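Inspection log for the structure reproduced underneath, given as structure tokens.
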Amino acid sequence: MLTKSSKYAIRALVYIQLRNWDSQRPGAEEIAREIEAPEAFLAKILQALTKHKLLDSMKGRGGGFFFTDNETSLNLYDVIHIIEGDACFNNCGFGLNNCNKDNPCPLHDKYLDVREMYHTITKTETIQSLAQKISEGNAVLNSDLTAS
């Protein structure tokens with residue numbers, strides 16, 4: 001349901017949160033490497049997130065990306081909304097442009113339930129809750145699952 005841009009944005013923000021908890025400010029190159037994203041593509045995403053004030057950045061020595069307010073939780077809906085708008089929360093699951101309750105596609109009723117649950121998940125899960133799961137060892141951020 002998410003575009004690559006949204007997936008990279010969420011993974012980048014989770015990584016940044018993890019590094020910020022360790023008093024570090026990662027740069028775009030490090031973030032791209034750790035979340036397995038193309039650096040130039042990720043840089044544009046990070047620029048958009050910074051422009052919309054979901055994130056802050058500082059150039060130079062000791063610079064990088066960071067959250068200015070460590071007390072605020074950032075829900076996934078806000079990230080997705082900035083990156084791709086509301087299309088994934090409203091579009092027809094069958095791909096029709098004019099699907100609605102009066103003119104339903106074959107998936108309309110079932111997909112409506114899926115969309116509502118997806119909306120609930122994105123409103124309740126936060127960058128911080130996802131980072132906490134990783135920090136506690138209950139989830140992973142990248143596909144590098146090789147044993148040490």
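Lettering and numbering for the structure tokens are positional, with chains as A, B, ... in the shown order, residues counted from 1 in each chain, and ligands counted from 1 in the shown order.
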
Mind checking DSSP for chain A and telling me the alpha helix (DSSP H) residues as an MDAnalysis selection string? chainID A and resid 4:21 28:35 39:51 76:84 87:90 108:124 127:135

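Taking only C-alpha atoms into account, Pro26 of chain A lies nearest to A:Leu13 out of the set A:Leu13, A:Ala87, A:Met1, A:Ala139.
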
Quick one: residues within 9 Å of Ile10 of chain A, only C-alpha atoms counted, chain neighbours fewer than 5 positions away excluded, as a count of residues only? 6

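For the set A:Leu74, A:Ile83, A:Met117, A:Val14, the residue with the smallest atom-to-atom gap to Ile45 of chain A is A:Ile83, counting only C-alpha atoms.
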
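When only C-alpha atoms are used to measure the gap to Phe66 of chain A, the shortest distance among A:Asn90, A:Gln132, A:Asn20, A:Asn100 belongs to A:Asn20.
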